[in-house]
>>> print(open('data-v3.cif').read())   # mmCIF, C-alpha atoms (C1' of nucleotides)
data_coords
#
loop_
_atom_site.label_atom_id
_atom_site.label_comp_id
_atom_site.auth_asym_id
_atom_site.auth_seq_id
_atom_site.Cartn_x
_atom_site.Cartn_y
_atom_site.Cartn_z
CA MET A 1 0.00 0.00 0.00
CA LYS A 2 1.25 3.41 -0.92
CA VAL A 3 1.74 5.87 1.89
CA GLU A 4 0.20 9.27 1.33
CA ARG A 5 2.93 11.88 1.11
CA CYS A 6 3.15 14.89 3.37
CA ILE A 7 4.48 18.03 1.68
CA LEU A 8 4.92 21.55 3.02
CA HIS A 9 5.21 24.63 0.84
CA ILE A 10 6.68 27.56 2.73
CA ASP A 11 6.54 31.03 1.28
CA VAL A 12 7.93 34.23 2.83
CA ASN A 13 5.29 36.97 3.09
CA ASN A 14 6.29 40.04 1.03
CA ALA A 15 9.80 38.64 1.03
CA PHE A 16 11.83 41.52 -0.42
CA LEU A 17 9.97 44.14 1.57
CA SER A 18 10.10 42.16 4.84
CA TRP A 19 13.80 41.46 4.46
CA THR A 20 14.62 45.08 3.67
CA ALA A 21 12.45 46.13 6.66
CA ILE A 22 14.23 43.97 9.22
CA ASP A 23 17.62 44.91 7.80
CA MET A 24 16.75 48.58 8.27
CA LEU A 25 15.62 47.92 11.84
CA LYS A 26 18.85 46.07 12.53
CA HIS A 27 20.78 49.11 11.35
CA GLY A 28 19.00 51.44 13.74
CA SER A 29 16.00 52.56 11.74
CA GLU A 30 13.07 53.68 13.88
CA LEU A 31 10.64 52.89 11.09
CA ASP A 32 9.34 49.45 10.23
CA ILE A 33 8.41 49.87 6.56
CA ARG A 34 6.04 46.91 6.86
CA THR A 35 3.70 49.17 8.81
CA ILE A 36 3.42 51.93 6.17
CA PRO A 37 2.57 52.03 2.45
CA ALA A 38 5.94 51.01 1.01
CA VAL A 39 7.32 49.16 -1.98
CA ILE A 40 10.58 47.67 -3.14
CA GLY A 41 11.12 48.99 -6.62
CA GLY A 42 13.57 49.18 -9.48
CA ASP A 43 15.56 52.22 -10.49
CA GLU A 44 13.31 54.75 -12.18
CA THR A 45 16.20 56.73 -13.61
CA ARG A 46 17.05 53.60 -15.57
CA ARG A 47 13.46 53.12 -16.72
CA ALA A 48 13.35 49.98 -14.59
CA GLY A 49 10.92 51.45 -12.10
CA ILE A 50 8.48 48.70 -11.34
CA VAL A 51 7.07 47.36 -8.08
CA LEU A 52 8.95 44.21 -7.01
CA ALA A 53 7.26 43.84 -3.61
CA LYS A 54 4.73 45.75 -1.57
CA SER A 55 3.69 46.13 2.06
CA GLN A 56 0.22 45.18 3.26
CA LYS A 57 -0.62 48.89 3.55
CA ALA A 58 0.49 49.52 -0.03
CA LYS A 59 -1.64 46.60 -1.17
CA GLU A 60 -4.67 48.22 0.45
CA PHE A 61 -4.22 51.15 -1.93
CA GLY A 62 -4.48 48.74 -4.84
CA ILE A 63 -0.77 48.71 -5.66
CA VAL A 64 0.19 45.51 -7.44
CA THR A 65 3.49 43.78 -8.13
CA GLY A 66 4.89 44.54 -11.57
CA GLU A 67 3.31 47.92 -12.13
CA PRO A 68 5.40 51.04 -12.81
CA LEU A 69 6.27 53.09 -9.75
CA PHE A 70 4.64 56.24 -11.09
CA GLN A 71 1.39 54.34 -11.33
CA ALA A 72 1.76 53.11 -7.77
CA ARG A 73 2.30 56.70 -6.69
CA LYS A 74 -0.90 57.73 -8.40
CA LYS A 75 -2.75 55.22 -6.27
CA CYS A 76 -0.96 56.30 -3.11
CA PRO A 77 1.06 59.56 -3.30
CA SER A 78 2.68 58.94 0.09
CA VAL A 79 4.06 55.52 -0.82
CA GLN A 80 7.74 55.16 0.05
CA THR A 81 10.06 53.25 -2.25
CA PHE A 82 13.23 51.33 -1.41
CA PRO A 83 15.81 49.65 -3.62
CA SER A 84 16.21 45.90 -3.73
CA ASN A 85 19.31 44.22 -2.34
CA TYR A 86 19.95 40.83 -3.85
CA LEU A 87 22.82 39.84 -1.57
CA LEU A 88 20.77 40.62 1.53
CA TYR A 89 17.89 38.53 0.23
CA LYS A 90 20.17 35.64 -0.56
CA SER A 91 21.48 35.69 2.99
CA TYR A 92 17.98 35.56 4.54
CA SER A 93 17.05 32.83 2.10
CA ASN A 94 20.02 30.79 3.31
CA GLN A 95 19.15 31.33 6.97
CA LEU A 96 15.64 30.09 6.27
CA TYR A 97 16.98 27.03 4.52
CA GLN A 98 19.25 26.25 7.46
CA LEU A 99 16.28 26.35 9.80
CA PHE A 100 14.29 24.00 7.57
CA LEU A 101 17.19 21.54 7.57
CA GLU A 102 16.44 20.88 11.22
CA TYR A 103 13.18 19.28 10.11
CA THR A 104 14.08 17.39 6.93
CA ASP A 105 16.87 17.15 4.41
CA LYS A 106 14.40 16.66 1.61
CA ILE A 107 14.04 20.35 0.70
CA GLU A 108 13.62 21.89 -2.72
CA ARG A 109 14.48 25.56 -3.07
CA PHE A 110 11.84 26.67 -5.48
CA SER A 111 12.90 30.32 -5.54
CA ILE A 112 14.73 32.76 -3.30
CA ASP A 113 11.71 32.91 -0.95
CA GLU A 114 9.95 29.56 -1.40
CA CYS A 115 10.72 25.98 -0.42
CA PHE A 116 9.05 22.60 -0.59
CA LEU A 117 9.70 20.27 2.34
CA ASP A 118 8.94 16.56 2.08
CA MET A 119 7.93 15.58 5.60
CA THR A 120 6.62 12.12 4.71
CA ASN A 121 9.29 10.27 6.63
CA HIS A 122 10.34 13.07 8.97
CA ARG A 123 7.43 13.57 11.32
CA MET A 124 8.77 11.58 14.24
CA GLY A 125 5.23 10.67 15.17
CA ARG A 126 4.19 14.29 15.45
CA ASP A 127 1.10 15.90 14.01
CA ILE A 128 2.01 17.85 10.86
CA MET A 129 -0.01 20.89 11.88
CA GLU A 130 1.93 21.03 15.12
CA ILE A 131 5.21 20.95 13.15
CA ALA A 132 4.01 23.67 10.79
CA LYS A 133 3.05 25.89 13.71
CA GLU A 134 6.45 25.39 15.25
CA ILE A 135 8.25 26.31 12.01
CA ASN A 136 6.07 29.35 11.58
CA TYR A 137 6.75 30.43 15.17
CA ARG A 138 10.47 29.83 14.98
CA VAL A 139 10.92 31.77 11.72
CA LYS A 140 9.08 34.71 13.24
CA ASN A 141 11.06 34.68 16.46
CA GLU A 142 14.48 33.68 15.28
CA LEU A 143 14.58 35.40 11.89
CA GLY A 144 12.05 38.19 12.32
CA PHE A 145 9.66 37.72 9.40
CA THR A 146 6.50 35.74 8.71
CA VAL A 147 5.77 32.88 6.35
CA ASN A 148 2.74 31.15 4.91
CA ILE A 149 2.70 27.38 5.04
CA GLY A 150 0.66 25.01 2.88
CA ILE A 151 0.21 21.39 3.99
CA ALA A 152 -0.84 18.84 1.36
CA PRO A 153 -0.19 15.40 -0.11
CA ASN A 154 1.68 16.82 -3.13
CA LYS A 155 3.63 19.89 -4.23
CA LEU A 156 0.92 21.45 -6.37
CA LEU A 157 -1.67 21.32 -3.60
CA ALA A 158 0.83 22.53 -1.01
CA LYS A 159 1.65 25.50 -3.23
CA MET A 160 -2.00 26.30 -3.79
CA ALA A 161 -2.67 26.03 -0.05
CA SER A 162 0.12 28.39 0.98
CA ASP A 163 -1.46 30.99 -1.29
CA PHE A 164 -4.97 30.89 0.20
CA SER A 165 -4.90 33.82 2.63
CA LYS A 166 -1.96 35.85 3.85
CA PRO A 167 0.07 36.74 5.80
CA ASP A 168 1.34 34.50 8.59
CA LYS A 169 -1.12 31.68 7.90
CA ILE A 170 -1.11 27.88 7.74
CA HIS A 171 -3.54 26.10 5.41
CA THR A 172 -4.17 22.47 4.55
CA LEU A 173 -5.37 21.14 1.21
CA TYR A 174 -6.03 17.41 1.41
CA TYR A 175 -7.68 15.53 -1.42
CA ASP A 176 -11.09 15.65 0.27
CA GLU A 177 -10.78 19.43 0.63
CA ILE A 178 -10.14 20.18 -3.05
CA GLU A 179 -13.77 20.57 -3.96
CA LYS A 180 -14.51 22.98 -1.14
CA LYS A 181 -11.25 24.97 -0.97
CA MET A 182 -9.82 25.00 -4.51
CA TRP A 183 -12.59 24.45 -7.02
CA PRO A 184 -14.51 27.67 -6.30
CA LEU A 185 -11.41 29.77 -7.08
CA PRO A 186 -11.14 31.62 -10.42
CA ILE A 187 -8.86 29.84 -12.91
CA LYS A 188 -6.23 32.55 -12.80
CA GLU A 189 -5.40 31.35 -9.28
CA LEU A 190 -4.26 27.96 -10.56
CA PHE A 191 -0.49 27.51 -10.71
CA MET A 192 0.72 27.69 -14.35
CA LEU A 193 -2.34 29.46 -15.69
CA GLY A 194 -1.17 32.86 -16.89
CA ARG A 195 -2.41 35.86 -18.81
CA LYS A 196 -2.44 34.14 -22.23
CA THR A 197 -4.36 30.99 -21.37
CA VAL A 198 -6.93 32.41 -18.94
CA PRO A 199 -8.80 34.39 -21.66
CA LYS A 200 -8.82 31.31 -23.90
CA LEU A 201 -10.43 29.28 -21.12
CA TYR A 202 -12.96 32.03 -20.40
CA HIS A 203 -13.87 31.79 -24.03
CA MET A 204 -14.60 28.10 -23.47
CA LYS A 205 -16.89 29.06 -20.56
CA ILE A 206 -14.36 27.80 -18.04
CA GLN A 207 -14.20 30.25 -15.16
CA THR A 208 -13.33 28.39 -11.98
CA ILE A 209 -10.75 25.73 -11.20
CA GLY A 210 -13.71 23.42 -10.66
CA ASP A 211 -14.97 24.14 -14.19
CA LEU A 212 -11.55 23.23 -15.53
CA ALA A 213 -11.40 20.04 -13.44
CA LYS A 214 -14.73 18.90 -14.86
CA THR A 215 -13.83 19.74 -18.47
CA ASP A 216 -13.14 16.76 -20.73
CA GLU A 217 -9.42 16.05 -20.48
CA LYS A 218 -9.28 14.99 -24.14
CA LEU A 219 -10.67 18.32 -25.26
CA LEU A 220 -7.97 20.17 -23.33
CA ILE A 221 -5.23 17.95 -24.72
CA HIS A 222 -6.58 18.50 -28.22
CA LYS A 223 -6.54 22.27 -27.73
CA PHE A 224 -3.39 22.78 -25.67
CA GLY A 225 -1.34 19.61 -26.09
CA LYS A 226 0.86 18.53 -23.22
CA TYR A 227 0.10 21.74 -21.40
CA GLY A 228 -3.62 20.95 -21.60
CA ARG A 229 -3.10 17.66 -19.82
CA MET A 230 -1.06 19.37 -17.14
CA ILE A 231 -3.59 22.07 -16.28
CA TRP A 232 -6.39 19.48 -16.19
CA GLU A 233 -4.37 17.38 -13.77
CA TYR A 234 -3.54 20.43 -11.65
CA ALA A 235 -7.19 21.43 -11.48
CA ASN A 236 -7.92 17.93 -10.19
CA GLY A 237 -5.11 18.11 -7.65
CA ILE A 238 -2.97 15.54 -9.45
CA ASP A 239 0.81 15.98 -9.19
CA ASN A 240 3.25 13.12 -8.75
CA SER A 241 6.44 15.16 -8.97
CA GLU A 242 9.04 14.60 -6.27
CA VAL A 243 10.54 17.15 -3.96
CA ASN A 244 13.92 17.52 -5.62
CA GLU A 245 16.50 18.14 -2.92
CA LYS A 246 19.48 18.07 -5.25
CA GLU A 247 20.89 21.47 -6.12
CA GLU A 248 20.57 21.47 -9.91
CA LEU A 249 23.21 22.87 -12.18
CA PRO A 250 22.06 25.84 -14.24
CA LYS A 251 21.01 25.09 -17.82
CA GLY A 252 21.67 28.61 -19.02
CA VAL A 253 23.05 31.93 -17.78
CA GLY A 254 21.94 35.30 -19.05
CA ASN A 255 22.14 39.02 -18.38
CA SER A 256 20.02 41.69 -19.93
CA THR A 257 19.55 45.36 -19.34
CA THR A 258 17.05 48.03 -20.16
CA LEU A 259 18.98 51.01 -21.47
CA PRO A 260 18.47 54.39 -19.80
CA VAL A 261 17.43 55.70 -23.22
CA ASP A 262 16.68 54.01 -26.51
CA ILE A 263 19.83 53.62 -28.57
CA ALA A 264 20.24 53.18 -32.32
CA ASP A 265 24.02 53.67 -32.44
CA GLU A 266 25.54 50.36 -33.48
CA GLU A 267 28.86 50.98 -31.77
CA LYS A 268 27.22 51.88 -28.48
CA LEU A 269 25.06 48.79 -28.65
CA GLU A 270 28.12 46.65 -29.23
CA GLU A 271 29.69 48.16 -26.15
CA VAL A 272 26.67 47.11 -24.14
CA LEU A 273 26.82 43.70 -25.72
CA LEU A 274 30.44 43.33 -24.60
CA ALA A 275 29.68 44.43 -21.04
CA LEU A 276 26.85 41.91 -20.84
CA THR A 277 29.00 39.17 -22.33
CA GLU A 278 31.65 39.85 -19.71
CA GLN A 279 29.08 39.45 -16.94
CA VAL A 280 27.64 36.30 -18.41
CA THR A 281 30.94 34.57 -19.03
CA TYR A 282 32.24 35.60 -15.62
CA ARG A 283 29.28 33.87 -13.99
CA LEU A 284 29.69 30.90 -16.31
CA ARG A 285 33.31 30.46 -15.27
CA LYS A 286 32.37 30.70 -11.62
CA TYR A 287 30.17 27.66 -12.16
CA ASP A 288 33.10 25.89 -13.84
CA MET A 289 30.92 25.34 -16.85
CA LEU A 290 31.15 25.86 -20.60
CA ALA A 291 28.46 26.96 -23.01
CA THR A 292 27.49 25.41 -26.34
CA VAL A 293 24.89 27.97 -27.41
CA VAL A 294 25.00 31.77 -27.54
CA ASN A 295 21.82 33.84 -27.67
CA VAL A 296 21.35 37.58 -28.20
CA GLN A 297 18.05 39.31 -27.50
CA LEU A 298 16.93 42.79 -28.52
CA LYS A 299 13.82 44.69 -27.53
CA THR A 300 12.76 47.72 -29.54
CA LYS A 301 11.27 50.88 -28.17
CA ASP A 302 7.87 49.44 -29.04
CA PHE A 303 8.48 46.41 -26.83
CA VAL A 304 8.90 44.04 -29.72
CA SER A 305 11.44 41.39 -28.80
CA TYR A 306 13.44 39.19 -31.06
CA SER A 307 16.44 36.95 -30.64
CA HIS A 308 19.02 34.97 -32.54
CA GLN A 309 21.06 32.08 -31.30
CA LYS A 310 23.91 29.95 -32.54
CA LYS A 311 25.30 26.59 -31.58
CA LEU A 312 29.06 26.52 -31.15
CA TYR A 313 31.44 23.94 -32.59
CA GLN A 314 33.32 23.82 -29.33
CA ALA A 315 32.04 24.50 -25.82
CA THR A 316 33.65 27.56 -24.27
CA ALA A 317 33.47 30.04 -21.41
CA ASN A 318 35.87 32.50 -22.99
CA THR A 319 34.79 36.13 -23.13
CA THR A 320 36.39 36.87 -26.50
CA GLU A 321 35.06 33.77 -28.22
CA ILE A 322 31.52 34.24 -26.93
CA TYR A 323 31.58 37.95 -27.70
CA GLU A 324 32.58 37.27 -31.28
CA VAL A 325 29.54 35.05 -31.75
CA ALA A 326 27.29 37.47 -29.89
CA LYS A 327 28.42 40.30 -32.13
CA GLU A 328 27.86 38.21 -35.23
CA LEU A 329 24.32 37.38 -34.09
CA PHE A 330 23.69 41.01 -33.24
CA LEU A 331 24.82 42.26 -36.65
CA GLN A 332 22.75 39.57 -38.34
CA MET A 333 19.52 40.69 -36.79
CA TYR A 334 19.92 44.35 -35.95
CA LYS A 335 17.69 46.45 -38.17
CA LYS A 336 19.04 49.89 -37.19
CA GLU A 337 16.04 50.75 -35.08
CA PRO A 338 16.15 52.28 -31.59
CA ILE A 339 16.74 49.57 -29.00
CA ARG A 340 15.39 49.53 -25.46
CA LEU A 341 16.87 46.32 -24.11
CA VAL A 342 19.89 44.19 -24.91
CA GLY A 343 20.35 40.66 -23.55
CA VAL A 344 23.06 38.03 -23.82
CA ARG A 345 22.59 34.48 -22.65
CA VAL A 346 24.41 31.21 -23.00
CA ASP A 347 22.69 27.84 -23.01
CA GLY A 348 23.47 24.18 -23.37
CA LEU A 349 25.86 24.33 -20.44
CA VAL A 350 28.23 21.48 -19.69
CA LYS A 351 30.58 20.87 -16.78
CA LYS A 352 34.09 21.96 -17.75
CA ASP A 353 35.72 18.73 -16.59
CA GLU A 354 33.21 16.54 -18.39
CA VAL A 355 33.86 18.00 -21.78
CA GLN A 356 35.95 16.39 -24.47
CA LEU A 357 38.51 18.86 -25.69
CA SER A 358 38.94 19.10 -29.41
CA PHE A 359 42.20 17.97 -30.93
CA PHE A 360 42.16 20.98 -33.11
CA ALA A 361 41.62 23.52 -30.39
CA ASP A 362 42.58 26.97 -31.53
CA PRO A 363 45.93 27.87 -29.93
CA ALA A 364 44.64 31.39 -29.45
CA SER A 365 41.94 30.14 -27.11
CA LYS A 366 44.51 28.96 -24.57
CA LYS A 367 45.81 32.48 -24.40
CA ASN A 368 42.32 33.89 -24.14
CA GLU A 369 41.59 31.56 -21.26
CA LYS A 370 44.64 32.85 -19.43
CA ILE A 371 43.41 36.39 -19.84
CA ASP A 372 40.01 35.44 -18.44
CA GLN A 373 41.64 33.86 -15.44
CA VAL A 374 43.75 36.88 -14.64
CA VAL A 375 40.76 39.18 -15.01
CA ASP A 376 38.56 36.92 -12.85
CA ASP A 377 41.17 36.84 -10.09
CA LEU A 378 41.35 40.62 -10.08
CA LYS A 379 37.59 40.85 -9.96
CA LYS A 380 37.46 38.52 -6.99
CA LYS A 381 40.07 40.59 -5.23
CA PHE A 382 39.01 44.12 -6.03
CA GLY A 383 35.37 43.76 -6.96
CA TYR A 384 33.66 43.06 -10.24
CA ARG A 385 33.88 46.56 -11.61
CA ALA A 386 37.61 46.94 -10.96
CA VAL A 387 38.39 45.28 -14.25
CA THR A 388 36.09 45.35 -17.21
CA ARG A 389 36.86 45.72 -20.83
CA ALA A 390 33.63 47.49 -21.50
CA SER A 391 34.41 49.98 -18.79
CA SER A 392 33.54 52.82 -21.11
CA SER A 393 29.98 51.58 -21.09
CA ASP A 394 28.33 53.50 -18.29
CA LEU A 395 25.08 52.15 -19.58
CA VAL A 396 25.40 48.87 -17.80
CA LYS A 397 27.41 49.97 -14.79
CA LYS A 398 24.40 50.79 -12.72
CA ALA A 399 22.77 47.54 -13.64
CA GLN A 400 25.79 45.66 -12.35
CA LYS A 401 25.46 47.15 -8.90
CA ASN A 402 24.35 44.57 -6.38
CA ARG A 403 23.85 41.92 -8.98
CA ILE A 404 27.18 40.20 -9.23
CA GLU A 405 27.46 37.47 -6.62
"C1'" DT B 1 7.18 58.24 -16.64
"C1'" DC B 2 4.15 53.48 -19.70
"C1'" DT B 3 5.58 48.10 -18.77
"C1'" DG B 4 12.62 44.37 -14.77
"C1'" DG B 5 15.50 40.63 -14.92
"C1'" DG B 6 16.42 35.97 -13.82
"C1'" DG B 7 15.09 31.48 -15.39
"C1'" DT B 8 12.70 26.62 -17.54
"C1'" DC B 9 10.13 24.09 -20.75
"C1'" DC B 10 7.54 23.35 -25.02
"C1'" DT B 11 6.37 23.78 -29.97
"C1'" DA B 12 6.83 24.35 -34.78
"C1'" DG B 13 9.28 24.52 -38.95
"C1'" DG B 14 13.30 23.71 -41.85
"C1'" DA B 15 17.54 21.10 -42.98
"C1'" DC B 16 19.36 16.89 -43.54
"C1'" DC B 17 19.83 11.88 -43.44
"C1'" DC B 18 18.22 7.24 -44.34
"C1'" DT C 1 11.85 13.09 -61.60
"C1'" DC C 2 7.72 15.16 -58.18
"C1'" DT C 3 7.62 11.31 -54.77
"C1'" DG C 4 7.32 9.13 -48.57
"C1'" DG C 5 7.86 8.81 -43.98
"C1'" DG C 6 10.69 8.65 -39.73
"C1'" DG C 7 14.25 10.59 -36.91
"C1'" DT C 8 17.46 14.13 -35.25
"C1'" DC C 9 19.41 18.59 -34.92
"C1'" DC C 10 19.01 23.47 -35.01
"C1'" DT C 11 16.61 27.90 -34.57
"C1'" DA C 12 12.91 31.26 -33.30
"C1'" DG C 13 9.40 32.28 -30.51
"C1'" DG C 14 6.17 31.93 -26.83
"C1'" DA C 15 4.21 30.26 -22.53
"C1'" DC C 16 4.90 30.12 -17.62
"C1'" DC C 17 7.26 30.96 -12.99
"C1'" DC C 18 9.37 34.19 -9.13
#
>>> encode(input="data-v3.cif", output="structure tokens")
Amino acid sequence: MKVERCILHIDVNNAFLSWTAIDMLKHGSELDIRTIPAVIGGDETRRAGIVLAKSQKAKEFGIVTGEPLFQARKKCPSVQTFPSNYLLYKSYSNQLYQLFLEYTDKIERFSIDECFLDMTNHRMGRDIMEIAKEINYRVKNELGFTVNIGIAPNKLLAKMASDFSKPDKIHTLYYDEIEKKMWPLPIKELFMLGRKTVPKLYHMKIQTIGDLAKTDEKLLIHKFGKYGRMIWEYANGIDNSEVNEKEELPKGVGNSTTLPVDIADEEKLEEVLLALTEQVTYRLRKYDMLATVVNVQLKTKDFVSYSHQKKLYQATANTTEIYEVAKELFLQMYKKEPIRLVGVRVDGLVKKDEVQLSFFADPASKKNEKIDQVVDDLKKKFGYRAVTRASSSDLVKKAQKNRIE
DNA sequence: TCTGGGGTCCTAGGACCC
DNA sequence: TCTGGGGTCCTAGGACCC
């Protein structure tokens, strides 16, 4: 007989805002920004001014994640904005993970502020609700912020449960609760149903998760393929995926940046491309990995995106080699129009020591590798920005702040 | 003052081979 | 000489997530 699994999904409430708030308090601030209308936002001077996280008070004014800051200010003129701090968030995320390790080693880090815990064989005879309450209490007291916890027999249901009502809440979603707790919800609440599919389902007279659950599975597969099967299963609470505790290697690494102003100057754009390539390859080398695919993305002033990619003959992490390909791709597709965003990413990553080196390796690449290594060492010593070839490109300098790990 | 930046996975079409 | 079907690789784009 199969044992029913016991999964927790734990989600930090207003993570970025909470973490910035307690960091400010720690550094002597009198104000807890969780108690006022406040948001964590991007840099407006760089045209990246959107809401990344909001306080409960800001939410009450109708401010939503992802909207431009000026729009948030229209809703609430007194709203205060604070910059995000990736390194700080990473550190709180790690502290949270360490606390969870006291309960189980079967933990999947789903994002910087979310984890799945498989408690199936780690309950020590205790009631799961009692354990959840203890975790909730300990996070609040030891780390200073609140979490939502969902308890369910699989990951999908646990994730749905943790989302029910916030903040600082624990919800269960067992199979016999699906009909009452999940089916009445509008379809947009279902994990993996986004802004493109929801209108299509409305068109099919499917409005609630329950409607979707009761729709003929075959019809959904016919219309949406594999994805159709998945959303039907999700609506019915079916999810057999395991909590994956292994830290997975990245499959791709990319950096992109919205330019402070639209640029049509080819040379300037190439400068940006080089700066981005340097960041990407630097991160790639830190992983001890090589890339087999290079991808360049452009976004025009009208928000039209397009991209080109190219598979390489030989896997590499070398700045010069990858930049040459990136530049080639850029020149291939650039149509001389004003550009808003430039992105470089590498894909098809392989571990450096698992790669077969070509007999005919270009002797120049050995030399290039040496250069990379010297530059990387300097960066580690004196900070990322101490040494960059694209140093003349102020355009990306600001974007680099706080982002390089 | 319109609308970030980091990812993963899937699909569809063309090239090429047998 | 107008005709096929399967399989793989590559590329472009689009969906979703946080």
>>> resolve_selection(input="data-v3.cif", expression="the PyMOL selection byres ((chain C and resi 3-12) around 7)", output="ChimeraX atom specification")
/A:309 /C:2,13
>>> axis_aligned_box(input="data-v3.cif", around="stretch 6-18 of chain B", padding_each_side="4 Å", output="AutoDock Vina command-line options")
--center_x 13.1 --center_y 21.6 --center_z -29.1 --size_x 21.5 --size_y 36.7 --size_z 38.5
>>> residues_around(input="data-v3.cif", residues="A:Lys180", least_positions_apart="5", cutoff="10 Å", atoms="only C-alpha atoms (C1' of nucleotides)", output="MDAnalysis selection string")
chainID A and resid 173 185 210
>>> interface_residues(input="data-v3.cif", of="chain A", to="chain B", cutoff="10 Å", atoms="all atoms listed in the file", output="VMD selection string")
chain A and resid 41 to 45 47 to 52 66 to 71 225 to 227 250 to 258 303 343
>>> atom_distance(input="data-v3.cif", atom1="atom CA of A:Glu177", atom2="atom CA of A:Tyr202")
24.6 Å
>>> resolve_selection(input="data-v3.cif", expression="the PyMOL selection byres ((chain A and resi 82) around 8)", output="PDB file with C-alpha atoms, keeping the file's coordinate frame")
ATOM      1  CA  ALA A  38       5.940  51.010   1.010  1.00  0.00           C
ATOM      2  CA  VAL A  39       7.320  49.160  -1.980  1.00  0.00           C
ATOM      3  CA  ILE A  40      10.580  47.670  -3.140  1.00  0.00           C
ATOM      4  CA  GLY A  41      11.120  48.990  -6.620  1.00  0.00           C
ATOM      5  CA  GLN A  80       7.740  55.160   0.050  1.00  0.00           C
ATOM      6  CA  THR A  81      10.060  53.250  -2.250  1.00  0.00           C
ATOM      7  CA  PRO A  83      15.810  49.650  -3.620  1.00  0.00           C
ATOM      8  CA  SER A  84      16.210  45.900  -3.730  1.00  0.00           C
TER       9      SER A  84
END
>>> resolve_selection(input="data-v3.cif", expression="the PyMOL selection byres ((chain A and resi 119-121) around 8)", output="count of residues only")
13
>>> atom_distance(input="data-v3.cif", atom1="atom CA of A:Ile149", atom2="atom CA of A:Ala132")
7.0 Å
>>> atom_distance(input="data-v3.cif", atom1="atom CA of A:Lys74", atom2="atom CA of A:Asn14")
21.3 Å
>>> residues_around(input="data-v3.cif", residues="A:Leu212", least_positions_apart="5", cutoff="9 Å", atoms="all atoms listed in the file", output="list in words")
Trp183, Ile187, Leu201, Ile206, Gln207, Glu217, Ile231, Trp232, Ala235 and Asn236 of chain A
>>> build_atoms(input="data-v3.cif", residues="stretch 156-169 of chain A", atoms="N, CA and C atoms", output="CSV table (one decimal), keeping the file's coordinate frame")
chain,number,residue,atom,x,y,z
A,156,LEU,N,1.9,20.5,-5.8
A,156,LEU,CA,0.9,21.4,-6.4
A,156,LEU,C,-0.1,21.9,-5.3
A,157,LEU,N,-0.7,21.0,-4.6
A,157,LEU,CA,-1.7,21.3,-3.6
A,157,LEU,C,-1.1,22.1,-2.5
A,158,ALA,N,0.2,21.8,-2.1
A,158,ALA,CA,0.8,22.5,-1.0
A,158,ALA,C,1.0,24.0,-1.5
A,159,LYS,N,1.4,24.1,-2.7
A,159,LYS,CA,1.6,25.5,-3.2
A,159,LYS,C,0.3,26.3,-3.3
A,160,MET,N,-0.7,25.6,-3.7
A,160,MET,CA,-2.0,26.3,-3.8
A,160,MET,C,-2.4,26.7,-2.4
A,161,ALA,N,-2.2,25.8,-1.4
A,161,ALA,CA,-2.7,26.0,0.0
A,161,ALA,C,-1.9,27.2,0.6
A,162,SER,N,-0.7,27.3,0.3
A,162,SER,CA,0.1,28.4,1.0
A,162,SER,C,-0.3,29.8,0.5
A,163,ASP,N,-1.0,29.7,-0.6
A,163,ASP,CA,-1.5,31.0,-1.3
A,163,ASP,C,-2.8,31.5,-0.9
A,164,PHE,N,-3.6,30.6,-0.1
A,164,PHE,CA,-5.0,30.9,0.2
A,164,PHE,C,-5.2,32.3,0.8
A,165,SER,N,-4.8,32.5,2.0
A,165,SER,CA,-4.9,33.8,2.6
A,165,SER,C,-3.6,34.1,3.4
A,166,LYS,N,-3.2,35.4,3.3
A,166,LYS,CA,-2.0,35.8,3.8
A,166,LYS,C,-2.2,37.1,4.7
A,167,PRO,N,-1.2,37.4,5.6
A,167,PRO,CA,0.1,36.7,5.8
A,167,PRO,C,0.0,35.9,7.0
A,168,ASP,N,1.2,35.2,7.3
A,168,ASP,CA,1.3,34.5,8.6
A,168,ASP,C,0.3,33.4,8.8
A,169,LYS,N,0.0,32.7,7.8
A,169,LYS,CA,-1.1,31.7,7.9
A,169,LYS,C,-0.7,30.3,7.5
